[in-house]
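Shown here: target_25.txt, compact mmCIF, C-alpha atoms.
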```txt
# COMPACT_ATOMS: atom_id res chain seq x y z
CA MET A 883 6.79 -231.33 -107.54
CA ASP A 884 8.41 -234.40 -106.07
CA VAL A 885 6.62 -235.47 -102.93
CA ARG A 886 8.16 -238.09 -100.74
CA VAL A 887 6.29 -239.78 -97.98
CA ASP A 888 8.09 -241.26 -95.02
CA LYS A 889 5.81 -244.23 -94.34
CA ALA A 890 7.21 -244.85 -90.88
CA SER A 891 6.52 -241.31 -89.63
CA SER A 892 3.17 -241.01 -91.41
CA THR A 893 1.77 -243.99 -89.53
CA ARG A 894 3.31 -243.11 -86.15
CA TRP A 895 0.11 -241.44 -84.88
CA LEU A 896 -2.07 -244.43 -85.67
CA PRO A 897 -2.86 -246.96 -82.94
CA GLN A 898 -0.29 -249.69 -82.99
CA ARG A 899 0.01 -253.17 -81.61
CA PRO A 900 2.85 -253.96 -79.16
CA ASN A 901 4.84 -255.44 -82.03
CA GLY A 902 4.71 -252.09 -83.84
CA ARG A 903 2.21 -253.05 -86.49
CA VAL A 904 -0.49 -250.53 -87.18
CA ILE A 905 -3.98 -251.61 -86.21
CA GLY A 906 -6.11 -252.05 -89.25
CA ALA A 907 -8.47 -249.32 -90.48
CA ALA A 908 -11.49 -251.51 -89.74
CA THR A 909 -10.43 -251.88 -86.11
CA ALA A 910 -9.81 -248.14 -85.76
CA ALA A 911 -13.19 -247.38 -87.29
CA GLY A 912 -14.77 -249.79 -84.80
CA VAL A 913 -13.12 -248.02 -81.87
CA PHE A 914 -14.30 -244.67 -83.24
CA MET A 915 -17.89 -245.93 -83.59
CA LEU A 916 -17.92 -247.35 -80.06
CA THR A 917 -16.63 -244.05 -78.66
CA ALA A 918 -19.29 -242.12 -80.57
CA VAL A 919 -22.03 -244.44 -79.31
CA ALA A 920 -20.70 -244.29 -75.76
CA SER A 921 -20.73 -240.49 -75.80
CA ARG A 922 -24.48 -240.61 -76.51
CA PHE A 923 -25.20 -242.42 -73.28
CA ASP A 924 -24.31 -241.11 -69.86
CA TRP A 925 -24.19 -244.59 -68.37
CA LEU A 926 -21.56 -245.67 -70.90
CA ARG A 927 -19.54 -242.48 -70.51
CA ALA A 928 -19.53 -242.96 -66.78
CA LEU A 929 -18.15 -246.47 -67.01
CA PRO A 930 -14.53 -246.47 -68.28
CA ASN A 931 -12.81 -244.42 -65.59
CA GLY A 932 -15.63 -243.52 -63.22
CA LYS A 933 -15.11 -239.84 -63.99
CA GLY A 934 -17.97 -239.36 -66.43
CA PRO A 935 -21.15 -237.49 -65.60
CA PRO A 936 -23.52 -239.23 -63.22
CA PRO A 937 -26.14 -241.38 -64.90
CA SER A 938 -29.39 -239.53 -65.47
CA ARG A 939 -32.68 -240.78 -66.79
CA GLU A 940 -34.54 -237.47 -66.39
CA LYS A 941 -35.51 -235.67 -69.54
CA PRO A 942 -35.95 -231.90 -69.53
CA HIS A 943 -39.66 -231.17 -69.21
CA SER A 944 -41.16 -229.52 -72.23
CA PHE A 945 -44.01 -227.11 -71.71
CA THR A 946 -46.17 -227.28 -74.78
CA GLY A 947 -49.90 -226.98 -75.32
CA PRO A 948 -52.37 -225.14 -73.13
CA ALA A 949 -51.68 -224.66 -69.44
CA PRO A 950 -53.40 -227.25 -67.23
CA GLU A 951 -56.76 -226.35 -65.77
CA TRP A 952 -57.01 -225.07 -62.22
CA GLY A 953 -56.53 -227.84 -59.71
CA GLU A 954 -54.82 -230.07 -62.28
CA GLY A 955 -51.26 -230.44 -63.47
CA ALA A 956 -49.65 -230.47 -60.03
CA GLU A 957 -46.66 -232.41 -61.36
CA GLU A 958 -46.02 -229.90 -64.10
CA LEU A 959 -46.31 -227.03 -61.64
CA GLN A 960 -43.85 -228.74 -59.33
CA ASN A 961 -41.47 -229.12 -62.24
CA VAL A 962 -41.70 -225.40 -63.02
CA ALA A 963 -41.15 -224.55 -59.35
CA THR A 964 -38.13 -226.84 -59.10
CA ARG A 965 -36.53 -225.30 -62.14
CA GLY A 966 -37.28 -221.81 -60.87
CA LEU A 967 -35.69 -222.57 -57.52
CA ASP A 968 -32.61 -224.04 -59.20
CA ILE A 969 -32.17 -220.89 -61.26
CA TYR A 970 -32.76 -218.71 -58.20
CA ALA A 971 -30.15 -220.66 -56.25
CA ARG A 972 -27.59 -220.05 -59.00
CA LEU A 973 -28.33 -216.32 -59.12
CA ARG A 974 -28.92 -215.88 -55.42
CA THR A 975 -25.69 -214.12 -54.39
CA THR A 976 -25.97 -211.53 -57.13
CA LEU A 977 -29.70 -211.01 -56.65
CA GLU A 978 -29.47 -210.58 -52.90
CA ALA A 979 -26.67 -208.04 -53.34
CA GLU A 980 -28.33 -206.05 -56.11
CA HIS A 981 -32.09 -206.40 -55.43
CA PRO A 982 -32.61 -207.23 -51.75
CA SER A 983 -36.24 -207.86 -50.75
CA LYS A 984 -37.56 -207.20 -54.26
CA CYS A 985 -40.09 -209.45 -55.97
CA ILE A 986 -38.71 -211.62 -58.74
CA VAL A 987 -40.33 -213.58 -61.56
CA ILE A 988 -38.01 -215.97 -63.41
CA ASN A 989 -38.57 -217.38 -66.90
CA VAL A 990 -37.71 -221.02 -66.23
CA ASP A 991 -37.08 -221.72 -69.92
CA THR A 992 -34.42 -219.04 -70.39
CA ALA A 993 -33.33 -218.13 -66.82
CA GLU A 994 -34.11 -214.47 -67.59
CA PHE A 995 -35.92 -212.61 -64.85
CA VAL A 996 -37.81 -209.46 -63.93
CA VAL A 997 -37.69 -207.71 -60.56
CA GLY A 998 -40.06 -205.16 -59.05
CA ASP A 999 -41.50 -203.71 -55.86
CA THR A 1000 -44.77 -205.65 -55.93
CA PHE A 1001 -45.80 -209.02 -57.33
CA GLY A 1002 -48.53 -207.38 -59.38
CA GLU A 1003 -46.11 -204.96 -61.05
CA THR A 1004 -43.43 -207.63 -61.53
CA HIS A 1005 -45.82 -210.15 -63.10
CA ARG A 1006 -47.18 -207.41 -65.37
CA LYS A 1007 -43.68 -206.58 -66.59
CA PHE A 1008 -42.93 -210.28 -67.03
CA ARG A 1009 -46.08 -210.82 -69.07
CA GLU A 1010 -45.25 -207.86 -71.33
CA ARG A 1011 -41.77 -209.25 -71.95
CA PHE A 1012 -42.29 -213.02 -72.03
CA GLY A 1013 -46.01 -213.57 -72.59
CA ASP A 1014 -47.24 -216.79 -70.98
CA ALA A 1015 -43.79 -218.39 -70.60
CA PRO A 1016 -43.53 -220.76 -67.62
CA SER A 1017 -42.30 -218.83 -64.60
CA TRP A 1018 -41.54 -218.97 -60.91
CA ASP A 1019 -41.90 -216.09 -58.48
CA GLY A 1020 -40.60 -215.30 -55.03
CA ARG A 1021 -39.21 -212.54 -52.85
CA ILE A 1022 -35.45 -212.17 -52.99
CA GLY A 1023 -33.75 -213.24 -49.78
CA ASP A 1024 -37.00 -214.03 -48.01
CA ALA A 1025 -35.86 -217.21 -46.30
CA GLU A 1026 -32.68 -218.88 -45.22
CA SER A 1027 -33.31 -221.67 -47.73
CA GLY A 1028 -33.82 -219.31 -50.63
CA LEU A 1029 -37.49 -220.27 -50.76
CA GLY A 1030 -39.87 -217.40 -50.99
CA ARG A 1031 -42.56 -217.88 -48.39
CA THR A 1032 -46.00 -216.47 -48.06
CA ARG A 1033 -47.79 -217.30 -44.88
CA LEU A 1034 -51.51 -217.76 -45.00
CA VAL A 1035 -53.81 -217.49 -42.03
CA MET B 681 -67.67 -192.25 -57.81
CA VAL B 682 -67.84 -194.79 -54.97
CA SER B 683 -64.46 -194.85 -53.23
CA VAL B 684 -65.37 -196.99 -50.28
CA GLU B 685 -65.81 -200.71 -49.65
CA ARG B 686 -67.93 -201.85 -46.71
CA GLY B 687 -67.14 -204.96 -44.72
CA TRP B 688 -68.39 -206.90 -41.70
CA TYR B 689 -67.11 -209.31 -39.06
CA ASN B 690 -67.86 -213.02 -38.97
CA GLU B 691 -68.57 -215.03 -35.80
CA LEU B 692 -64.81 -215.29 -35.20
CA GLY B 693 -64.42 -211.52 -35.41
CA GLU B 694 -62.56 -211.71 -38.73
CA PRO B 695 -62.99 -208.77 -41.14
CA LEU B 696 -64.67 -209.86 -44.38
CA VAL B 697 -65.66 -208.05 -47.50
CA THR B 698 -67.49 -209.19 -50.63
CA LEU B 699 -65.42 -208.76 -53.74
CA GLN B 700 -66.94 -208.76 -57.22
CA LEU B 701 -64.72 -210.82 -59.51
CA HIS B 702 -65.29 -210.07 -63.17
CA ILE B 703 -66.22 -213.06 -65.35
CA ALA B 704 -67.34 -211.55 -68.66
CA ASP B 705 -69.34 -208.54 -69.85
CA ASP B 706 -71.63 -207.59 -66.94
CA ASP B 707 -71.18 -210.92 -65.22
CA TYR B 708 -69.49 -210.92 -61.82
CA LEU B 709 -68.73 -213.59 -59.24
CA PRO B 710 -69.23 -212.39 -55.65
CA ILE B 711 -66.50 -213.75 -53.38
CA GLU B 712 -66.21 -213.39 -49.64
CA VAL B 713 -62.63 -212.48 -48.78
CA LEU B 714 -60.75 -211.93 -45.56
CA VAL B 715 -58.97 -208.59 -45.16
CA ASP B 716 -55.46 -209.70 -44.22
CA THR B 717 -52.78 -207.07 -43.68
CA GLY B 718 -50.30 -209.91 -43.06
CA PHE B 719 -50.70 -211.13 -46.63
CA ASN B 720 -48.21 -209.34 -48.86
CA ARG B 721 -49.91 -209.91 -52.21
CA GLY B 722 -53.15 -208.66 -53.75
CA LEU B 723 -55.71 -211.43 -53.92
CA LEU B 724 -55.66 -215.12 -53.10
CA LEU B 725 -58.28 -217.52 -54.40
CA PHE B 726 -58.70 -221.28 -54.57
CA ALA B 727 -58.98 -223.43 -57.68
CA GLY B 728 -62.80 -223.56 -57.44
CA GLU B 729 -63.17 -219.78 -57.54
CA ALA B 730 -60.62 -219.49 -60.36
CA ARG B 731 -62.60 -222.00 -62.42
CA ALA B 732 -65.91 -220.28 -61.66
CA ALA B 733 -64.51 -216.88 -62.64
CA ARG B 734 -62.87 -218.37 -65.73
CA LEU B 735 -59.47 -216.96 -64.87
CA PRO B 736 -56.88 -217.96 -67.48
CA PRO B 737 -54.75 -220.91 -66.28
CA THR B 738 -51.00 -220.28 -66.41
CA ARG B 739 -47.69 -222.03 -65.88
CA SER B 740 -46.59 -219.43 -63.37
CA ALA B 741 -45.61 -221.26 -60.19
CA SER B 742 -45.44 -219.19 -57.05
CA ALA B 743 -43.26 -219.45 -54.01
CA LYS B 744 -44.29 -221.98 -51.43
CA LEU B 745 -47.38 -221.14 -49.42
CA TYR B 746 -48.41 -222.38 -46.02
CA LEU B 747 -52.03 -222.99 -45.14
CA ALA B 748 -53.68 -222.40 -41.79
CA ASP B 749 -52.70 -225.87 -40.59
CA GLY B 750 -49.06 -225.26 -41.53
CA SER B 751 -49.09 -227.58 -44.52
CA PRO B 752 -47.32 -226.37 -47.67
CA CYS B 753 -49.32 -226.02 -50.86
CA SER B 754 -48.58 -224.95 -54.40
CA ALA B 755 -50.08 -221.95 -56.14
CA ARG B 756 -50.13 -220.31 -59.51
CA SER B 757 -50.22 -216.66 -60.46
CA THR B 758 -52.63 -215.23 -62.98
CA PHE B 759 -54.48 -211.99 -63.69
CA GLY B 760 -58.10 -211.04 -63.28
CA TYR B 761 -60.38 -208.04 -62.85
CA ILE B 762 -62.28 -207.00 -59.75
CA ARG B 763 -64.70 -204.23 -59.03
CA TRP B 764 -62.87 -202.18 -56.42
CA MET B 765 -63.78 -198.74 -55.14
CA GLY B 766 -66.38 -198.45 -57.89
CA GLU B 767 -63.95 -199.22 -60.71
CA LEU B 768 -62.85 -202.25 -62.68
CA LYS B 769 -59.28 -202.95 -61.63
CA GLU B 770 -56.79 -205.46 -63.01
CA ILE B 771 -55.13 -207.47 -60.29
CA GLU B 772 -52.57 -210.24 -59.98
CA VAL B 773 -54.31 -213.26 -58.46
CA LEU B 774 -52.63 -216.06 -56.59
CA VAL B 775 -54.58 -219.29 -57.05
CA VAL B 776 -54.06 -222.14 -54.56
CA GLU B 777 -54.02 -225.41 -56.45
CA HIS B 778 -56.81 -227.16 -54.61
CA ASP B 779 -60.43 -226.51 -53.80
CA ARG B 780 -61.26 -224.52 -50.71
CA GLY B 781 -61.62 -226.40 -47.46
CA GLU B 782 -64.02 -225.46 -44.69
CA ARG B 783 -61.45 -223.37 -42.83
CA ASP B 784 -59.76 -221.87 -45.87
CA LYS B 785 -60.56 -218.31 -46.83
CA CYS B 786 -59.88 -216.21 -49.85
CA LEU B 787 -57.72 -213.21 -48.96
CA ILE B 788 -57.06 -209.69 -50.00
CA GLY B 789 -53.68 -208.40 -48.96
CA MET B 790 -51.44 -205.39 -48.89
CA GLU B 791 -50.90 -204.97 -52.61
CA LEU B 792 -54.60 -204.15 -52.87
CA LEU B 793 -54.96 -202.43 -49.51
CA LYS B 794 -52.12 -199.98 -50.02
CA HIS B 795 -53.32 -196.41 -50.45
CA THR B 796 -56.45 -197.03 -48.40
CA ASP B 797 -57.66 -196.12 -44.94
CA ILE B 798 -59.51 -198.81 -43.00
CA LEU B 799 -61.87 -197.66 -40.28
CA PHE B 800 -62.81 -200.53 -37.98
CA GLY B 801 -66.13 -199.78 -36.26
CA PRO B 802 -67.79 -201.90 -33.59
CA ASP B 803 -70.17 -203.66 -36.01
CA ASP B 804 -68.64 -203.15 -39.45
CA PHE B 805 -65.72 -201.48 -41.16
CA HIS B 806 -65.03 -199.26 -44.14
CA ILE B 807 -62.12 -199.24 -46.57
CA HIS B 808 -61.59 -195.79 -48.06
CA ALA B 809 -59.41 -194.96 -51.02
CA LEU B 810 -56.79 -192.40 -50.08
CA LEU B 811 -56.86 -189.28 -52.16
CA PRO B 812 -53.71 -188.83 -54.19
CA GLU B 813 -52.06 -185.48 -53.44
CA GLY B 814 -53.98 -182.76 -55.26
CA GLY B 815 -56.17 -185.36 -56.96
CA GLN B 816 -59.54 -186.99 -56.62
CA ALA B 817 -60.58 -190.37 -55.35
CA GLY B 818 -60.83 -193.14 -57.79
```

Represent the structure from my file as structure tokens, please.
Amino acid sequence: MDVRVDKASSTRWLPQRPNGRVIGAATAAGVFMLTAVASRFDWLRALPNGKGPPPSREKPHSFTGPAPEWGEGAEELQNVATRGLDIYARLRTTLEAEHPSKCIVINVDTAEFVVGDTFGETHRKFRERFGDAPSWDGRIGDAESGLGRTRLV
Amino acid sequence: MVSVERGWYNELGEPLVTLQLHIADDDYLPIEVLVDTGFNRGLLLFAGEARAARLPPTRSASAKLYLADGSPCSARSTFGYIRWMGELKEIEVLVVEHDRGERDKCLIGMELLKHTDILFGPDDFHIHALLPEGGQAG
């Protein structure tokens, strides 16, 4: 089979200088590498046109090892609560329409949840399904802010 | 079968009852708790009691709580066993993440008090288990 290659059209897609000459392979590879590196870092991605994702230095919290002892690990608990509230906020409209005033326990690792009439029953169901996965609980629709509240005397 | 819990009033007139929190085998931790029908969960303890009763720590954060002075505090949910109406009963326990202050009290709430009658006398009170229809107490 006779294969002919039109050199002009085959190089048309490559980056070219203003004078029409194709930028060398080494230069193109350099541009590719820089783009790949930039995509690894939010702060670089955000730079070129200002439309990239906002810079973030926060790493997702990983919950490994035994749970902290009672009275310790307040920061970790706060992290779990924050994630639980975020998930609740995303699901809020649906939850309030489908399960008003029910108790909810959310698996903060997977965003799956269990609802029930009492906290005891709901936590029991959660434990059967998810074991000791980190969770957040509240009562659906029990505050204008979406925060479940329990008043103590 | 004992299907009654007896309580008393403190100097402020608050209704208190002593709860036996199971630790291990025949070992129990007696805890004075306030009977609070405005508390919508089963049992609330503080970190000190949870440690003493060796309740398993969890990563189960609970909705925001407000203490007597209005300050918010964080709490975790776990499970434990109490002796209630003569039986060992599993119960969800809310544990406040700090040790108990002078004014703070452990609570029992509606998830435990449902299906009971409470008779408030002048000097003490009794919590009776309601008989299920056609059944026996217990």

What are the residues of chain A that have an atom within 10 Å of an atom of chain B, counting all atoms listed in the file, as a PyMOL selection string? chain A and resi 945+948-956+958-964+966-967+987-990+1000-1006+1009+1014-1021+1029-1035

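Atom CA of B:Ala809 is positioned 6.3 Å from atom CA of B:His795.
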
Rounded to one decimal, what separation in Å do you get between atom CA of B:His702 and atom CA of B:Glu685? 16.5 Å

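Counting from atom CA of A:Tyr970, the distance to atom CA of A:Phe995 is 9.6 Å.
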
Using all atoms listed in the file, can you list as JSON, numbers by chain the residues within 6 Å of (-63.8, -208.0, -44.5)? {"B": [687, 688, 695, 696, 697, 714, 715]}

Mind giving me the axis-aligned box for stretch 966-972 of chain A with 4 Å on every side, centre plus edges in Å to one decimal, as JSON?
```
{"center_x": -32.4, "center_y": -221.4, "center_z": -58.8, "size_x": 17.7, "size_y": 13.3, "size_z": 13.0}
```
